[in-house]
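Notes to accompany the following structure.
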Amino acid sequence: MIKQSHAEKKIIKNAMTVDVEDFFQVSAFEDSILRSDWENFPHRVEKNTNRILDLFDAHDIKSTFFVLGWVAERYPGIVKRIIDQGHELASHGYGHQRVTFQSRSEFREDITQAKTILEDMSGVQVTGYRAPSYSINKENHWAHDELFDAGYLYSSSVYPVKHDLYGIPDASRFAYQCENGLLEIPVTTVKIANKNFPAGGGGFFRFYPYVISRWNIQQVNICDKQAAIFYFHPWEIDPEQPKQHKANLKSRFRHYLNLHKTEKRLIRLFSDFEWGRMDELFLKV
């Protein structure tokens with residue numbers, strides 16, 4: 001196992017990111033929860049996001065928050081606190097609709113609406129975007145053109161893995177510029193035996209033992225000499241959220257696995273690596 005010295009930890013700063021959505025909005029439940037019922041569920045995103053902001057403040061972490069426009073409209077206090085604590089405010093689109101389910105015009109409307117809401121509410125320019133469930137793929141590459149035209153400077157919407165819901169397995173593992181100038185910053189993977197494995201957080205962070213997640217990031221920092229992109233969601237620190245029994249077994253397994261361990265693992269991650277905002281690491285603002 002690669003051992004990372006204190007000096008090496010300081011050399012590479014990684015990107016900490018949070019996809020701000022509530023538990024009932026996840027793609028895993030889209031077949032069992034109607035959008036028209038969202039308002040009928042107990043909203044837990046405000047409490048959970050504030051808990052994350054408390055953790056970041058306690059551990060001196062700066063992060064990028066990819067916020068749904070739908071959430072921002074209902075909880076403007078979240079947006080204010082993100083800005084006040086020195087984090088980057090970025091867009092997760094408006095209503096957590098996967099790009100693969102949208103027409104080009106629908107996607108344009110979604111990303112423009114979200115950007116306008118976030119900028120009007122915060123008074124800051126929103127330059128970053130992350131597609132729900134990393135749903136930019138080879139069939140909808142036009143999304144990068146729409147993002148650029150809407151005024152975004154970067155996207156973090158490609159996962160270079162093979163997955164049943166997302167992924168471009170042969171995409172670049174590290175940040176690259178699209179033909180139009182938009183910067184795409186893929187979520188982190190490790191290459192083992194010429195195959196990419198997820199290493200950027202989310203459900204895989206809950207599935208792997210923590211030592212594997214740490215080793216993955218060390219590989220990227222030391223061997224690839226690249227910053228890692230890590231992500232998680234507010235609902236992942238909330239083991240008390242209402243259970244959705246109508247969802248299929250695979251979706252329930254993915255969603256609820258080890259929720260009770262996430263917060264403690266995150267605290268270890270905060271101390272094992274250096275963390276910062278996406279824009280400051282990749283746009284050099």
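Quick note on naming: the chains in the structure tokens go A, B, ... in the order shown, residues restart at 1 in each chain, and ligands are numbered from 1 in order of appearance.
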request  = With a distance cut-off of 7 Å and only C-alpha atoms, select the neighbouring residues of Pro198 of chain A, excluding the residue or stretch itself and same-chain residues fewer than 3 positions from it, and output the selection as a PyMOL selection string.
outcome  = chain A and resi 161+188-190+204
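Of the listed residues (A:Val26, A:Phe65, A:Phe282, A:Val71), A:Val71 comes nearest to Glu39 of chain A; the distances count only C-alpha atoms.
Between atom CA of Ser122 of chain A and atom CA of Gln85 of chain A the separation is 12.6 Å.
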query = Leaving out Tyr152 of chain A and any residue of its chain fewer than 4 positions from it, which residues lie within 8 Å of it when counting only C-alpha atoms, given as number ranges by chain?
reply = A: 126-129, 147-148, 182
Could you save the residues just selected, with N, CA and C atoms, as a JSON list (two decimals), in the first residue's frame?
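So again.json came out as:
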```json
[["chain", "number", "residue", "atom", "x", "y", "z"],
["A", 126, "VAL", "N", -22.35, 31.96, -11.14],
["A", 126, "VAL", "CA", -22.30, 30.50, -11.06],
["A", 126, "VAL", "C", -21.62, 29.99, -12.32],
["A", 127, "THR", "N", -20.45, 29.37, -12.16],
["A", 127, "THR", "CA", -19.66, 28.93, -13.32],
["A", 127, "THR", "C", -19.62, 27.42, -13.50],
["A", 128, "GLY", "N", -20.02, 26.66, -12.46],
["A", 128, "GLY", "CA", -19.91, 25.21, -12.50],
["A", 128, "GLY", "C", -21.24, 24.51, -12.57],
["A", 129, "TYR", "N", -21.25, 23.33, -13.18],
["A", 129, "TYR", "CA", -22.46, 22.53, -13.32],
["A", 129, "TYR", "C", -22.12, 21.05, -13.16],
["A", 147, "LEU", "N", -24.23, 24.08, -22.20],
["A", 147, "LEU", "CA", -23.66, 24.64, -20.97],
["A", 147, "LEU", "C", -22.79, 25.85, -21.26],
["A", 148, "PHE", "N", -21.95, 25.73, -22.28],
["A", 148, "PHE", "CA", -21.07, 26.84, -22.65],
["A", 148, "PHE", "C", -21.90, 28.05, -23.08],
["A", 182, "LEU", "N", -15.33, 24.76, -23.02],
["A", 182, "LEU", "CA", -15.83, 24.35, -21.70],
["A", 182, "LEU", "C", -14.88, 23.31, -21.10]]
```
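Distances here use only C-alpha atoms; by that measure, the residue among A:His144, A:Gln97, A:Asn194, A:Leu68 closest to Ser27 of chain A is A:Gln97.
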query = Can you list, as an NGL selection string, every protein, DNA or RNA residue that comes within 8 Å of Gln241 of chain A when you count only C-alpha atoms, leaving out same-chain residues fewer than 3 positions away?
reply = :A and (23 or 44 or 235 or 238)
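Our summary of the geometry notes that atom CA of Phe253 of chain A is positioned 22.9 Å from atom CA of Thr49 of chain A.
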inquiry  = If we count only C-alpha atoms and set the cut-off at 10 Å, which residues sit around Ile237 of chain A, ignoring sequence neighbours fewer than 6 positions away in its own chain? Please answer as a VMD selection string.
reply    = chain A and resid 48 to 49 51 to 52 258 to 264 266
query = Could you pull the residues within 8 Å of Gly69 of chain A, counting only C-alpha atoms, minus those fewer than 3 positions along the same chain, as a list in words?
reply = Ala72, Glu73, Ser91, His92, Gly93, Tyr94, Gly95, Gln113, Ala114, Lys115, Ile117 and Leu118 of chain A
Write the residues you've just listed into a file as a PDB file, in the first residue's frame, and include N, CA and C atoms for each of them.
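part19.pdb was written with the following content:
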```
ATOM      1  N   ALA A  72     -32.955  25.410  -3.883  1.00  0.00           N
ATOM      2  CA  ALA A  72     -32.617  26.799  -3.578  1.00  0.00           C
ATOM      3  C   ALA A  72     -33.868  27.663  -3.431  1.00  0.00           C
ATOM      4  N   GLU A  73     -34.848  27.444  -4.285  1.00  0.00           N
ATOM      5  CA  GLU A  73     -36.092  28.216  -4.210  1.00  0.00           C
ATOM      6  C   GLU A  73     -36.769  28.042  -2.855  1.00  0.00           C
ATOM      7  N   SER A  91     -24.210  24.758  -9.926  1.00  0.00           N
ATOM      8  CA  SER A  91     -25.532  24.306 -10.331  1.00  0.00           C
ATOM      9  C   SER A  91     -25.606  22.792 -10.498  1.00  0.00           C
ATOM     10  N   HIS A  92     -26.701  22.238 -10.016  1.00  0.00           N
ATOM     11  CA  HIS A  92     -27.021  20.814 -10.226  1.00  0.00           C
ATOM     12  C   HIS A  92     -28.244  20.689 -11.141  1.00  0.00           C
ATOM     13  N   GLY A  93     -28.509  21.779 -11.890  1.00  0.00           N
ATOM     14  CA  GLY A  93     -29.731  21.830 -12.675  1.00  0.00           C
ATOM     15  C   GLY A  93     -30.896  22.237 -11.801  1.00  0.00           C
ATOM     16  N   TYR A  94     -32.091  22.256 -12.376  1.00  0.00           N
ATOM     17  CA  TYR A  94     -33.247  22.689 -11.600  1.00  0.00           C
ATOM     18  C   TYR A  94     -33.939  21.534 -10.871  1.00  0.00           C
ATOM     19  N   GLY A  95     -34.395  20.526 -11.614  1.00  0.00           N
ATOM     20  CA  GLY A  95     -35.276  19.543 -10.998  1.00  0.00           C
ATOM     21  C   GLY A  95     -34.774  18.127 -10.969  1.00  0.00           C
ATOM     22  N   GLN A 113     -32.571  28.078 -16.135  1.00  0.00           N
ATOM     23  CA  GLN A 113     -33.415  28.393 -14.987  1.00  0.00           C
ATOM     24  C   GLN A 113     -32.652  28.252 -13.677  1.00  0.00           C
ATOM     25  N   ALA A 114     -31.913  27.158 -13.536  1.00  0.00           N
ATOM     26  CA  ALA A 114     -31.153  26.932 -12.308  1.00  0.00           C
ATOM     27  C   ALA A 114     -30.096  28.007 -12.108  1.00  0.00           C
ATOM     28  N   LYS A 115     -29.377  28.338 -13.153  1.00  0.00           N
ATOM     29  CA  LYS A 115     -28.309  29.351 -13.053  1.00  0.00           C
ATOM     30  C   LYS A 115     -28.883  30.705 -12.651  1.00  0.00           C
ATOM     31  N   ILE A 117     -31.718  31.332 -11.015  1.00  0.00           N
ATOM     32  CA  ILE A 117     -32.182  31.287  -9.623  1.00  0.00           C
ATOM     33  C   ILE A 117     -31.010  31.437  -8.660  1.00  0.00           C
ATOM     34  N   LEU A 118     -29.963  30.663  -8.880  1.00  0.00           N
ATOM     35  CA  LEU A 118     -28.825  30.674  -7.962  1.00  0.00           C
ATOM     36  C   LEU A 118     -28.106  32.017  -7.980  1.00  0.00           C
TER      37      LEU A 118
END
```
inquiry  = Which residue is closest to Ser135 of chain A? Choose from A:Ala171, A:Val158, A:Ala247, A:Met16 and count only C-alpha atoms.
reply    = A:Val158
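The protein and nucleic acid residues lying at most 10 Å from Gly86 of chain A are Asp57, Ile61, Lys62, Ser63, Thr64, Arg81, Ile82, Ile83, Asp84, Glu88, Leu89 and Arg277 of chain A, with only C-alpha atoms considered and sequence neighbours fewer than 2 positions away removed.
The closest residue to Glu184 of chain A, picked from A:Ile229, A:Val18, A:Val79, A:Leu153 and counting only C-alpha atoms, is A:Leu153.
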